[in-house]
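Visitor: Data file run03.cif (mmCIF, C-alpha atoms and all ligand atoms) is appended below.
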```cif
data_coords
loop_
_atom_site.label_atom_id
_atom_site.label_comp_id
_atom_site.auth_asym_id
_atom_site.auth_seq_id
_atom_site.Cartn_x
_atom_site.Cartn_y
_atom_site.Cartn_z
CA MET A 1425 22.58 26.41 1.73
CA GLN A 1426 23.53 25.96 -1.93
CA SER A 1427 20.86 24.85 -4.39
CA ILE A 1428 21.78 22.59 -7.29
CA ASP A 1429 19.66 24.63 -9.69
CA LYS A 1430 21.56 27.83 -8.96
CA TYR A 1431 25.04 26.34 -8.65
CA ASP A 1432 27.41 26.71 -11.60
CA PHE A 1433 29.42 23.49 -12.02
CA SER A 1434 31.42 24.86 -14.93
CA GLY A 1435 35.02 23.57 -14.83
CA LYS A 1436 34.36 21.76 -11.53
CA LYS A 1437 34.58 18.12 -10.55
CA ALA A 1438 31.49 17.14 -8.58
CA ILE A 1439 31.48 14.04 -6.40
CA VAL A 1440 27.89 12.85 -6.27
CA ARG A 1441 26.69 10.30 -3.68
CA VAL A 1442 23.95 8.35 -5.43
CA ASP A 1443 21.97 5.31 -4.29
CA PHE A 1444 22.58 2.77 -7.03
CA ASN A 1445 21.69 -0.07 -4.66
CA VAL A 1446 19.44 -1.68 -7.27
CA PRO A 1447 18.16 -5.26 -7.33
CA LEU A 1448 20.14 -7.61 -9.62
CA ASP A 1449 19.21 -11.12 -10.70
CA ASP A 1450 21.59 -14.13 -10.69
CA ASN A 1451 23.01 -13.03 -14.06
CA PHE A 1452 23.71 -9.49 -12.75
CA LYS A 1453 20.85 -8.08 -14.78
CA ILE A 1454 19.21 -5.06 -13.16
CA THR A 1455 15.62 -6.01 -12.37
CA ASP A 1456 14.56 -2.47 -11.43
CA ASP A 1457 16.46 0.64 -12.50
CA THR A 1458 14.25 3.25 -10.75
CA ARG A 1459 17.08 4.50 -8.55
CA ILE A 1460 19.44 4.95 -11.51
CA ARG A 1461 16.82 6.76 -13.58
CA ALA A 1462 16.06 9.02 -10.62
CA ALA A 1463 19.69 10.22 -10.51
CA ILE A 1464 19.87 11.24 -14.17
CA PRO A 1465 18.59 14.86 -13.83
CA THR A 1466 21.33 15.70 -11.31
CA ILE A 1467 24.01 14.15 -13.53
CA LYS A 1468 22.70 15.97 -16.60
CA LYS A 1469 22.60 19.34 -14.83
CA ILE A 1470 26.30 19.06 -13.93
CA LEU A 1471 27.20 17.98 -17.48
CA LYS A 1472 25.11 20.78 -18.99
CA ASP A 1473 27.11 23.29 -16.92
CA SER A 1474 30.34 21.74 -18.33
CA GLY A 1475 31.27 20.10 -15.05
CA ALA A 1476 32.66 16.57 -14.56
CA VAL A 1477 30.72 13.97 -12.57
CA ILE A 1478 32.25 11.45 -10.15
CA LEU A 1479 29.55 9.03 -9.00
CA MET A 1480 29.88 7.03 -5.79
CA SER A 1481 27.48 4.47 -4.33
CA HIS A 1482 27.18 1.27 -2.38
CA LEU A 1483 25.58 -1.90 -3.74
CA GLY A 1484 24.22 -4.45 -1.28
CA ARG A 1485 25.88 -5.34 1.98
CA PRO A 1486 29.18 -6.94 0.87
CA LYS A 1487 31.74 -8.52 3.18
CA GLY A 1488 34.90 -7.11 1.60
CA ALA A 1489 35.35 -6.80 -2.16
CA GLU A 1490 32.86 -9.45 -3.34
CA ASP A 1491 32.64 -9.42 -7.14
CA LYS A 1492 28.88 -9.98 -7.13
CA TYR A 1493 28.51 -6.57 -5.50
CA SER A 1494 30.75 -4.75 -7.99
CA LEU A 1495 29.22 -1.61 -9.46
CA LYS A 1496 30.67 -2.60 -12.83
CA HIS A 1497 27.47 -4.63 -13.29
CA ILE A 1498 25.41 -1.47 -13.59
CA LEU A 1499 27.80 0.40 -15.91
CA PRO A 1500 26.14 -0.51 -19.25
CA ARG A 1501 22.66 0.54 -18.08
CA LEU A 1502 24.02 3.74 -16.53
CA SER A 1503 25.82 4.70 -19.76
CA GLU A 1504 22.66 3.99 -21.72
CA LEU A 1505 20.51 6.17 -19.46
CA ILE A 1506 22.96 9.09 -19.45
CA GLY A 1507 23.51 8.75 -23.19
CA LYS A 1508 27.29 8.61 -22.99
CA GLU A 1509 30.01 6.15 -22.04
CA VAL A 1510 30.66 6.20 -18.29
CA GLN A 1511 34.22 5.49 -17.11
CA PHE A 1512 34.89 3.14 -14.20
CA ALA A 1513 37.47 3.24 -11.39
CA GLU A 1514 38.13 -0.19 -9.88
CA ASP A 1515 38.46 1.30 -6.43
CA CYS A 1516 36.78 4.30 -4.84
CA VAL A 1517 39.96 5.57 -3.16
CA GLY A 1518 43.72 5.07 -3.67
CA GLU A 1519 45.82 5.36 -6.82
CA LYS A 1520 43.21 3.93 -9.21
CA ALA A 1521 40.59 6.45 -8.15
CA LYS A 1522 43.08 9.33 -8.10
CA ALA A 1523 44.42 8.66 -11.59
CA LYS A 1524 40.95 8.31 -13.13
CA THR A 1525 39.55 11.45 -11.46
CA LYS A 1526 42.64 13.49 -12.31
CA SER A 1527 42.26 12.86 -16.03
CA LEU A 1528 38.48 13.37 -15.98
CA LYS A 1529 37.45 16.23 -18.28
CA PRO A 1530 34.41 18.53 -18.23
CA GLY A 1531 31.41 16.68 -19.66
CA GLU A 1532 32.73 13.26 -18.59
CA VAL A 1533 31.31 10.83 -16.03
CA LEU A 1534 33.21 8.41 -13.81
CA LEU A 1535 31.70 5.74 -11.57
CA LEU A 1536 33.72 4.64 -8.53
CA GLU A 1537 33.70 1.03 -7.32
CA ASN A 1538 31.40 0.05 -4.41
CA LEU A 1539 32.16 2.20 -1.36
CA ARG A 1540 31.34 -0.69 0.98
CA PHE A 1541 34.31 -2.69 -0.32
CA HIS A 1542 36.05 -0.65 2.41
CA ASP A 1543 34.84 -1.12 6.00
CA GLU A 1544 35.69 2.53 6.60
CA GLU A 1545 32.61 3.59 4.64
CA LYS A 1546 30.09 2.17 7.13
CA LYS A 1547 32.26 3.19 10.08
CA GLY A 1548 32.09 6.80 8.93
CA ASP A 1549 35.90 6.96 8.97
CA GLU A 1550 37.15 10.54 8.68
CA ASP A 1551 40.33 9.71 6.80
CA PHE A 1552 38.41 7.65 4.25
CA ALA A 1553 35.89 10.49 3.83
CA LYS A 1554 38.79 12.91 3.34
CA GLN A 1555 40.27 10.69 0.62
CA LEU A 1556 36.94 10.69 -1.21
CA ALA A 1557 36.63 14.45 -0.76
CA SER A 1558 40.11 15.00 -2.20
CA LEU A 1559 38.86 13.71 -5.58
CA ALA A 1560 36.51 16.65 -6.20
CA ASP A 1561 35.73 20.37 -5.84
CA VAL A 1562 32.09 20.07 -4.88
CA TYR A 1563 29.90 17.50 -3.06
CA VAL A 1564 26.34 16.64 -4.03
CA ASN A 1565 24.31 14.23 -1.93
CA ASP A 1566 21.53 12.67 -4.00
CA ALA A 1567 21.25 9.32 -2.19
CA PHE A 1568 17.88 9.65 -0.45
CA GLY A 1569 17.66 5.87 0.06
CA THR A 1570 20.85 5.98 2.13
CA ALA A 1571 20.29 9.31 3.91
CA HIS A 1572 19.55 7.49 7.19
CA ARG A 1573 23.10 6.12 7.32
CA ALA A 1574 25.86 8.12 9.03
CA HIS A 1575 28.48 6.80 6.64
CA ALA A 1576 31.66 8.38 5.26
CA SER A 1577 30.14 9.19 1.85
CA THR A 1578 26.67 10.20 3.05
CA ALA A 1579 27.48 12.41 6.03
CA VAL A 1580 31.12 12.65 7.17
CA ILE A 1581 32.42 13.87 3.79
CA ALA A 1582 30.24 17.02 3.83
CA GLN A 1583 32.50 18.82 6.33
CA TYR A 1584 35.25 19.02 3.69
CA PHE A 1585 33.05 21.15 1.44
CA PRO A 1586 31.78 23.92 3.76
CA ASN A 1587 30.75 26.18 0.88
CA ASP A 1588 30.26 23.68 -1.91
CA LYS A 1589 27.81 21.04 -0.68
CA MET A 1590 24.19 20.58 -1.67
CA PHE A 1591 21.37 18.11 -2.28
CA GLY A 1592 20.75 16.76 -5.76
CA TYR A 1593 17.30 16.78 -7.35
CA VAL A 1594 16.33 13.36 -5.93
CA ILE A 1595 16.68 14.45 -2.31
CA GLU A 1596 15.14 17.87 -2.99
CA ASP A 1597 12.04 16.28 -4.59
CA GLU A 1598 11.71 13.51 -2.01
CA LEU A 1599 11.75 15.97 0.90
CA LYS A 1600 9.10 18.14 -0.73
CA SER A 1601 6.78 15.21 -1.53
CA VAL A 1602 7.16 13.43 1.79
CA ASP A 1603 6.65 16.65 3.74
CA LYS A 1604 3.28 16.89 2.02
CA VAL A 1605 2.29 13.44 3.34
CA ILE A 1606 3.48 14.15 6.86
CA ASN A 1607 1.60 17.41 7.12
CA ASP A 1608 -1.60 16.20 5.54
CA ALA A 1609 -2.09 12.52 6.48
CA LYS A 1610 -5.79 11.67 6.59
CA SER A 1611 -7.18 8.92 8.83
CA PRO A 1612 -7.31 5.91 8.76
CA PHE A 1613 -3.55 5.84 8.17
CA THR A 1614 -2.24 2.33 7.44
CA ALA A 1615 1.41 1.28 7.24
CA ILE A 1616 2.34 -2.04 5.67
CA MET A 1617 5.70 -3.35 6.76
CA GLY A 1618 7.34 -6.36 5.18
CA GLY A 1619 10.68 -7.26 3.67
CA SER A 1620 13.65 -8.92 5.29
CA LYS A 1621 15.58 -6.20 7.15
CA VAL A 1622 14.14 -6.85 10.61
CA SER A 1623 16.96 -5.17 12.52
CA SER A 1624 16.81 -2.00 10.40
CA LYS A 1625 13.06 -1.69 10.54
CA ILE A 1626 11.82 -2.94 13.89
CA THR A 1627 12.72 0.30 15.68
CA ILE A 1628 10.95 2.17 12.91
CA ILE A 1629 7.84 0.13 13.62
CA LYS A 1630 8.15 1.18 17.25
CA ASN A 1631 8.19 4.83 16.29
CA LEU A 1632 5.24 4.48 13.93
CA LEU A 1633 3.04 3.34 16.83
CA GLY A 1634 0.63 6.11 17.70
CA LYS A 1635 1.29 7.83 14.37
CA VAL A 1636 -0.60 5.27 12.28
CA ASP A 1637 -4.02 3.76 12.94
CA ASN A 1638 -3.20 0.36 11.45
CA LEU A 1639 0.09 -1.46 11.14
CA ILE A 1640 0.18 -4.51 8.90
CA ILE A 1641 3.17 -6.79 9.41
CA GLY A 1642 3.95 -9.33 6.70
CA GLY A 1643 6.87 -10.77 4.76
CA GLY A 1644 10.11 -11.73 6.47
CA MET A 1645 9.23 -9.32 9.28
CA THR A 1646 6.46 -11.68 10.44
CA TYR A 1647 8.48 -14.49 11.92
CA THR A 1648 10.38 -12.55 14.56
CA PHE A 1649 6.99 -11.52 15.95
CA VAL A 1650 5.55 -15.05 15.69
CA LYS A 1651 8.56 -16.59 17.43
CA ALA A 1652 8.43 -13.92 20.14
CA ASN A 1653 4.85 -14.97 20.78
CA GLY A 1654 5.85 -18.64 21.18
CA GLY A 1655 4.90 -19.87 17.69
CA ASN A 1656 6.89 -22.43 15.68
CA ILE A 1657 8.50 -20.75 12.68
CA GLY A 1658 10.63 -23.66 11.37
CA ASP A 1659 13.48 -22.27 9.26
CA SER A 1660 11.80 -18.94 8.48
CA ILE A 1661 13.89 -15.76 8.45
CA HIS A 1662 13.99 -14.04 11.86
CA GLU A 1663 16.34 -12.24 14.22
CA ASP A 1664 16.57 -13.65 17.75
CA GLU A 1665 17.99 -10.44 19.23
CA TYR A 1666 14.69 -8.68 18.58
CA LEU A 1667 12.24 -11.10 20.21
CA ASP A 1668 11.77 -9.00 23.35
CA LEU A 1669 11.36 -5.83 21.36
CA ALA A 1670 8.78 -7.53 19.14
CA ASN A 1671 6.73 -8.50 22.22
CA ASP A 1672 7.06 -4.97 23.61
CA LEU A 1673 5.78 -3.53 20.37
CA ILE A 1674 2.64 -5.62 20.45
CA LYS A 1675 1.96 -4.40 24.00
CA GLN A 1676 2.79 -0.76 23.25
CA ALA A 1677 0.60 -0.73 20.16
CA LYS A 1678 -2.50 -1.26 22.29
CA GLU A 1679 -1.56 1.61 24.61
CA LYS A 1680 -0.82 3.93 21.71
CA GLY A 1681 -3.98 3.24 19.75
CA THR A 1682 -2.42 1.46 16.76
CA THR A 1683 -4.03 -1.81 15.66
CA ILE A 1684 -1.45 -4.38 14.59
CA TYR A 1685 -2.38 -6.92 11.93
CA LEU A 1686 0.14 -9.75 11.90
CA ALA A 1687 -0.05 -12.42 9.19
CA THR A 1688 -2.07 -15.39 10.46
CA ASP A 1689 -1.23 -17.90 7.74
CA SER A 1690 1.76 -18.49 5.58
CA VAL A 1691 2.78 -20.17 2.33
CA ILE A 1692 5.67 -22.35 3.43
CA ALA A 1693 8.32 -24.04 1.30
CA ASP A 1694 10.82 -26.85 1.89
CA ASP A 1695 13.52 -24.89 0.06
CA PHE A 1696 14.27 -21.23 -0.82
CA SER A 1697 13.39 -21.92 -4.43
CA ASN A 1698 10.60 -21.26 -6.88
CA ASN A 1699 10.32 -25.03 -7.43
CA ALA A 1700 10.11 -25.99 -3.77
CA ASN A 1701 7.19 -28.00 -2.40
CA THR A 1702 4.70 -25.63 -0.78
CA LYS A 1703 1.81 -25.72 1.71
CA VAL A 1704 -0.42 -23.18 3.37
CA VAL A 1705 -0.32 -23.42 7.17
CA ASP A 1706 -1.13 -21.47 10.32
CA VAL A 1707 1.72 -19.01 10.83
CA ASN A 1708 2.37 -20.51 14.29
CA ASN A 1709 2.79 -24.07 13.04
CA ILE A 1710 5.69 -24.07 10.59
CA LEU A 1711 7.58 -27.35 10.63
CA ASP A 1712 11.35 -27.65 10.93
CA GLY A 1713 12.92 -27.77 7.48
CA TRP A 1714 10.20 -25.46 6.10
CA GLN A 1715 10.16 -21.68 5.82
CA GLY A 1716 7.44 -19.09 5.34
CA LEU A 1717 7.95 -17.29 2.02
CA ASP A 1718 4.59 -15.57 1.45
CA ILE A 1719 1.52 -14.59 3.41
CA GLY A 1720 -1.35 -17.05 3.05
CA PRO A 1721 -4.86 -16.41 1.61
CA GLU A 1722 -6.47 -15.61 4.99
CA SER A 1723 -3.90 -12.89 5.77
CA THR A 1724 -4.12 -11.58 2.21
CA ALA A 1725 -7.91 -11.17 2.46
CA LYS A 1726 -7.68 -9.41 5.84
CA PHE A 1727 -4.87 -7.08 4.72
CA LYS A 1728 -6.78 -6.18 1.55
CA GLU A 1729 -9.82 -5.23 3.61
CA VAL A 1730 -7.76 -2.96 5.92
CA VAL A 1731 -6.06 -1.29 2.95
CA ALA A 1732 -9.37 -0.76 1.15
CA ASN A 1733 -10.70 1.22 4.13
CA SER A 1734 -7.62 3.48 4.48
CA LYS A 1735 -7.22 7.11 3.48
CA THR A 1736 -3.42 7.24 3.80
CA ILE A 1737 -1.24 4.23 2.98
CA LEU A 1738 2.46 3.78 3.50
CA TRP A 1739 4.02 0.60 2.13
CA ASN A 1740 7.55 -0.60 2.74
CA GLY A 1741 8.74 -4.14 2.21
CA PRO A 1742 7.21 -6.91 0.07
CA VAL A 1743 5.06 -9.35 2.06
CA GLY A 1744 6.73 -12.35 0.43
CA VAL A 1745 9.59 -13.37 -1.81
CA PHE A 1746 7.80 -11.77 -4.76
CA GLU A 1747 10.85 -12.28 -7.01
CA MET A 1748 9.74 -15.95 -7.25
CA GLU A 1749 6.37 -16.58 -8.90
CA SER A 1750 5.40 -19.19 -6.31
CA PHE A 1751 5.58 -16.60 -3.52
CA GLU A 1752 4.34 -13.41 -5.18
CA ASN A 1753 0.58 -13.68 -4.60
CA GLY A 1754 0.48 -11.72 -1.33
CA THR A 1755 2.65 -8.86 -2.60
CA LYS A 1756 0.70 -8.64 -5.85
CA ALA A 1757 -2.61 -8.56 -3.97
CA ILE A 1758 -1.36 -5.80 -1.64
CA ALA A 1759 -0.13 -3.75 -4.62
CA GLU A 1760 -3.54 -4.12 -6.31
CA ALA A 1761 -5.42 -3.25 -3.12
CA ILE A 1762 -3.32 -0.08 -2.73
CA VAL A 1763 -4.13 0.93 -6.31
CA GLU A 1764 -7.86 0.38 -5.69
CA ALA A 1765 -7.77 2.47 -2.52
CA THR A 1766 -5.87 5.20 -4.40
CA GLU A 1767 -8.54 5.21 -7.10
CA LYS A 1768 -11.10 5.80 -4.34
CA GLY A 1769 -9.16 8.85 -3.12
CA ALA A 1770 -6.57 7.53 -0.65
CA PHE A 1771 -3.03 8.92 -0.72
CA SER A 1772 -0.53 6.08 -1.18
CA LEU A 1773 3.19 6.28 -0.66
CA ILE A 1774 5.47 3.36 -1.59
CA GLY A 1775 9.13 3.23 -0.63
CA GLY A 1776 12.10 0.89 -0.62
CA GLY A 1777 14.23 -0.60 -3.35
CA ASP A 1778 12.40 -3.93 -3.41
CA SER A 1779 8.92 -2.53 -2.79
CA VAL A 1780 9.38 -0.24 -5.79
CA ALA A 1781 10.66 -3.21 -7.80
CA ALA A 1782 7.47 -5.04 -6.83
CA ILE A 1783 5.12 -2.21 -7.84
CA ASN A 1784 7.02 -1.92 -11.14
CA LYS A 1785 6.81 -5.68 -11.71
CA TYR A 1786 3.02 -5.32 -11.77
CA ASN A 1787 3.17 -2.09 -13.84
CA LEU A 1788 1.34 -0.17 -11.13
CA ALA A 1789 3.87 2.60 -10.33
CA ASN A 1790 1.74 5.19 -12.13
CA ASP A 1791 -1.40 4.17 -10.26
CA VAL A 1792 -0.20 5.02 -6.74
CA SER A 1793 0.23 8.56 -5.39
CA TYR A 1794 3.99 8.66 -4.84
CA VAL A 1795 6.89 6.26 -5.30
CA SER A 1796 9.93 7.04 -3.16
CA THR A 1797 13.49 5.84 -3.81
CA GLY A 1798 13.90 5.40 -0.05
CA GLY A 1799 12.75 2.55 2.19
CA GLY A 1800 14.31 2.77 5.65
CA ALA A 1801 15.30 6.40 4.96
CA LEU A 1802 11.73 7.30 4.04
CA LEU A 1803 10.35 5.68 7.18
CA GLU A 1804 12.87 7.34 9.46
CA TYR A 1805 12.14 10.71 7.86
CA ILE A 1806 8.41 10.17 8.41
CA GLU A 1807 9.15 9.27 12.04
CA GLY A 1808 10.59 12.76 12.39
CA LYS A 1809 14.23 11.72 12.70
CA ASP A 1810 17.07 14.00 11.67
CA LEU A 1811 18.67 11.94 8.90
CA PRO A 1812 22.50 12.17 8.96
CA GLY A 1813 22.70 12.64 5.17
CA ILE A 1814 20.24 15.55 5.30
CA LYS A 1815 21.72 17.13 8.42
CA ALA A 1816 25.26 17.12 7.03
CA ILE A 1817 24.20 19.29 4.11
CA ARG A 1818 21.98 21.61 6.11
CA GLU A 1819 24.31 22.42 8.97
N1 LIG B 1901 9.16 -14.43 4.12
C1 LIG B 1901 10.30 -13.98 3.58
N2 LIG B 1901 11.44 -14.66 3.72
C2 LIG B 1901 12.59 -14.22 3.18
N3 LIG B 1901 12.70 -13.06 2.48
C3 LIG B 1901 11.59 -12.34 2.33
C4 LIG B 1901 10.33 -12.75 2.86
N4 LIG B 1901 9.42 -11.82 2.52
C5 LIG B 1901 10.06 -10.89 1.79
N5 LIG B 1901 11.36 -11.17 1.67
C6 LIG B 1901 12.38 -10.47 0.91
O1 LIG B 1901 12.58 -9.17 1.44
C7 LIG B 1901 13.26 -8.41 0.44
C8 LIG B 1901 12.96 -6.95 0.61
O2 LIG B 1901 13.30 -6.52 1.90
P1 LIG B 1901 13.67 -5.01 2.27
O3 LIG B 1901 15.03 -4.69 1.76
O4 LIG B 1901 13.44 -4.92 3.74
O5 LIG B 1901 12.58 -4.15 1.47
P2 LIG B 1901 12.76 -2.73 0.71
O6 LIG B 1901 13.95 -2.83 -0.20
O7 LIG B 1901 11.48 -2.54 -0.04
O8 LIG B 1901 12.96 -1.71 1.80
C9 LIG B 1901 12.78 -8.96 -0.89
O9 LIG B 1901 13.90 -9.28 -1.68
C10 LIG B 1901 11.96 -10.21 -0.53
O10 LIG B 1901 12.29 -11.33 -1.31
O1 LIG B 1902 18.22 -0.17 -0.27
C1 LIG B 1902 18.36 0.62 0.66
O2 LIG B 1902 17.49 0.72 1.68
P1 LIG B 1902 15.99 0.08 1.69
O3 LIG B 1902 16.13 -1.43 1.58
O4 LIG B 1902 15.45 0.52 3.01
O5 LIG B 1902 15.25 0.66 0.51
C2 LIG B 1902 19.48 1.63 0.70
O6 LIG B 1902 20.31 1.52 -0.44
C3 LIG B 1902 20.29 1.50 1.99
O7 LIG B 1902 20.90 0.25 2.06
P2 LIG B 1902 21.29 -0.36 3.50
O8 LIG B 1902 20.01 -0.66 4.25
O9 LIG B 1902 22.10 -1.61 3.20
O10 LIG B 1902 22.12 0.70 4.22
#
```
Output the file's structure as structure tokens, nothing else.
Guide:
Amino acid sequence: MQSIDKYDFSGKKAIVRVDFNVPLDDNFKITDDTRIRAAIPTIKKILKDSGAVILMSHLGRPKGAEDKYSLKHILPRLSELIGKEVQFAEDCVGEKAKAKTKSLKPGEVLLLENLRFHDEEKKGDEDFAKQLASLADVYVNDAFGTAHRAHASTAVIAQYFPNDKMFGYVIEDELKSVDKVINDAKSPFTAIMGGSKVSSKITIIKNLLGKVDNLIIGGGMTYTFVKANGGNIGDSIHEDEYLDLANDLIKQAKEKGTTIYLATDSVIADDFSNNANTKVVDVNNILDGWQGLDIGPESTAKFKEVVANSKTILWNGPVGVFEMESFENGTKAIAEAIVEATEKGAFSLIGGGDSVAAINKYNLANDVSYVSTGGGALLEYIEGKDLPGIKAIRE
């Protein structure tokens, strides 16, 4: 396997899969640039060798070419962090991409438009991967956050570079750090799962059973479990296809020796807005027209207690809509509890674009043991899964 440190990029065009799926506010301002900053060492190494860099990424989950998901929004910040003007191709394949990559000179950087503007990316289409591959001489995968996706740019493309494919520094460092946690996790091991991607993460929860002592479920993840158990969740976020699985998980947890802590109360709102009317209610009694947007004080106190008594902590997914002040209390309290436990000697690992944004919002990133650029990818790696993005480089 090639190593980025030893590879000489001189005179070569390197196509680098990065994960620039960063959170943006309504004015397209980047609210957390951790993932962009993480990619800078790889970019600088290629430039230092007098190579040219072609960056490709997805942003969000667009349906077609939606302008709000254009990577042009991150161009100014990217240029600033690299310290030179980054060029932009308005499409990742086709004539626009070809022309821009052809004229790219050593020492220059080009960012391609959002890969997911083409359905072929997520389908892992071979022809699409080949078109991307045709733009460059060497392939670097540095998108740890997307390594669990078998997409054209993360996995399929690697076959076109049998001798010139490698991980970037982000993936190299992540694998080393996470391996340390897996091999040396002290008990009690607590995982905190929140966020909104129920379908992506519910199977991960299943696989964490038996591996962790405690599993805290909060955030948007809560309501699928509450509904499955017969509770009234009003208009709260949930996924009906996963109700049976949610019930199964609760049963399996007992058999496998993992204690599940599901939120018991909720801060509900009559609108998805910071200015909505709010109430604290039992998580099973949410009225129609209202939605749960944060964990309530009772859940917060219980979760803090469990975290305080843990020796290994894994956190993925905010336990509320922390982006809005009215619904940030639970997430802030969890972040602070993790820091306290870390100060007492626990090892804490935080992953996921929004979870990292949350820990940064409270200026606590330096007070936890390790901050990963991956969320779902990190969890699947911890589960022991062979991630497609990792496998494609190794095989
Ligand atoms: N109760 C809730 N209802 C709706 N969205 C929620 C709720 N709790 C958390 N979220 C949202 O979940 C998002 C993060 O989800 P996810 O992508 O799964 O996490 P991560 O990026 O850390 O892996 C945040 O933007 C947050 O606002
Ligand atoms: O943000 C990401 O994952 P995460 O929310 O698990 O941290 C990655 O960029 C992957 O995005 P995806 O879950 O839309 O494939």
Visitor: Give me the chain A side of the contact with ligand LIG 1902 (chain B), cut-off 10 Å, one line per residue showing its nearest atom pair and distance in Å at one decimal, counting only C-alpha atoms and all ligand atoms, sorted by chain and residue number, as CSV.
Guide:
```
residue,atom,partner,partner_atom,distance
A:Val1442,CA,B:LIG1902,O6,9.2
A:Asp1443,CA,B:LIG1902,O6,5.7
A:Phe1444,CA,B:LIG1902,O6,7.1
A:Asn1445,CA,B:LIG1902,O6,4.7
A:Val1446,CA,B:LIG1902,O1,7.3
A:Pro1447,CA,B:LIG1902,O1,8.7
A:Arg1459,CA,B:LIG1902,O6,9.2
A:Ser1481,CA,B:LIG1902,O6,8.7
A:His1482,CA,B:LIG1902,O6,7.1
A:Leu1483,CA,B:LIG1902,O6,7.1
A:Gly1484,CA,B:LIG1902,O9,5.7
A:Arg1485,CA,B:LIG1902,O9,5.4
A:Pro1486,CA,B:LIG1902,O9,9.2
A:Arg1540,CA,B:LIG1902,O9,9.5
A:Lys1546,CA,B:LIG1902,O10,8.6
A:Ala1567,CA,B:LIG1902,O6,8.0
A:Phe1568,CA,B:LIG1902,C2,8.3
A:Gly1569,CA,B:LIG1902,C2,4.7
A:Thr1570,CA,B:LIG1902,C3,4.5
A:Ala1571,CA,B:LIG1902,C3,8.0
A:His1572,CA,B:LIG1902,O10,7.8
A:Arg1573,CA,B:LIG1902,O10,6.3
A:Ala1574,CA,B:LIG1902,O10,9.6
A:His1575,CA,B:LIG1902,O10,9.1
A:Gly1619,CA,B:LIG1902,O3,8.2
A:Ser1620,CA,B:LIG1902,O3,8.7
A:Lys1621,CA,B:LIG1902,O3,7.4
A:Ser1623,CA,B:LIG1902,O8,9.9
A:Ser1624,CA,B:LIG1902,O8,7.1
A:Lys1625,CA,B:LIG1902,O4,8.2
A:Asn1740,CA,B:LIG1902,O4,8.0
A:Gly1741,CA,B:LIG1902,O3,7.9
A:Gly1775,CA,B:LIG1902,O5,6.7
A:Gly1776,CA,B:LIG1902,O5,3.4
A:Gly1777,CA,B:LIG1902,O5,4.2
A:Asp1778,CA,B:LIG1902,O5,6.7
A:Ser1779,CA,B:LIG1902,O5,7.8
A:Val1780,CA,B:LIG1902,O5,8.7
A:Ser1796,CA,B:LIG1902,O5,9.1
A:Thr1797,CA,B:LIG1902,O5,7.0
A:Gly1798,CA,B:LIG1902,O5,5.0
A:Gly1799,CA,B:LIG1902,O4,3.5
A:Gly1800,CA,B:LIG1902,O4,3.7
A:Ala1801,CA,B:LIG1902,O4,6.2
A:Leu1802,CA,B:LIG1902,O4,7.8
A:Leu1803,CA,B:LIG1902,O4,8.4
A:Glu1804,CA,B:LIG1902,O4,9.7
```
Visitor: Just the number, please: distance in Å from CA of Ala1560 in chain A to CA of Ser1527 in chain A, one decimal.
Guide: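 Distance reported for this atom pair: 12.0 Å.
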Visitor: Could you tell me how far CA of Asn1607 in chain A lies from CA of Asn1565 in chain A, in Å and to one decimal?
Guide: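 About the pair CA of Asn1607 in chain A and CA of Asn1565 in chain A: they are 24.7 Å apart.
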Visitor: Taking (-1.7, -18.9, 12.2) in the coordinates of the supplied file, I want to know which residues reach to within 10 Å of it, counting only C-alpha atoms; could you give the answer as a list of chain:residue names?
Guide: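 These residues have at least one counted atom within 10 Å: A:Val1650, A:Gly1655, A:Asn1656, A:Leu1686, A:Ala1687, A:Thr1688, A:Asp1689, A:Ser1690, A:Val1704, A:Val1705, A:Asp1706, A:Val1707, A:Asn1708, A:Asn1709, A:Ile1710, A:Gly1720, A:Glu1722, A:Ser1723.
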Visitor: With distances taken over only C-alpha atoms and all ligand atoms, which residue among A:Val1622, A:Val1792, A:Ile1774, A:Val1745 lies nearest ligand LIG 1901 (chain B)?
Guide: A:Val1745
Visitor: I'd like to know which of A:Val1602, A:Ile1692, A:Met1480, A:Ile1581 is closest to ligand LIG 1901 (chain B), using all atoms listed in the file.
Guide: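 Of all the options, A:Ile1692 lies closest to ligand LIG 1901 (chain B).
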Visitor: Determine, counting all atoms listed in the file, every residue of protein, DNA or RNA that lies within 10 Å of (13.8, 14.9, -4.0) in the file coordinates, then give the result as a list in words.
Guide: Ala1462, Ala1463, Asp1566, Ala1567, Phe1568, Phe1591, Gly1592, Tyr1593, Val1594, Ile1595, Glu1596, Asp1597, Glu1598, Leu1599, Lys1600, Ser1601, Val1602, Ser1796 and Thr1797 of chain A
Visitor: Hey, what's within 12 Å of His1542 in chain A if we count only C-alpha atoms and toss same-chain stuff fewer than 5 positions away? As a VMD selection string, please?
Guide: chain A and resid 1482 1485 to 1490 1515 to 1518 1537 1547 to 1549 1552 to 1553 1556 1575 to 1577
Visitor: Any idea what's packed within 8 Å of Ile1470 in chain A, counting only C-alpha atoms, ignoring anything in its chain fewer than 4 positions away? Could you give it as a list in words?
Guide: Phe1433, Ser1434, Ala1438, Thr1466, Ser1474, Gly1475, Ala1476 and Val1477 of chain A
Visitor: Which neighbours of Lys1604 in chain A fall inside 12 Å, counting all atoms listed in the file, when residues of the same chain fewer than 5 positions from it are skipped, and could you give them as a list in words?
Guide: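 Non-adjacent residues within range: Asp1597, Glu1598, Leu1599, Ala1609, Lys1610, Thr1736, Phe1771, Ser1772, Leu1773, Ser1793, Tyr1794 and Ile1806 of chain A.
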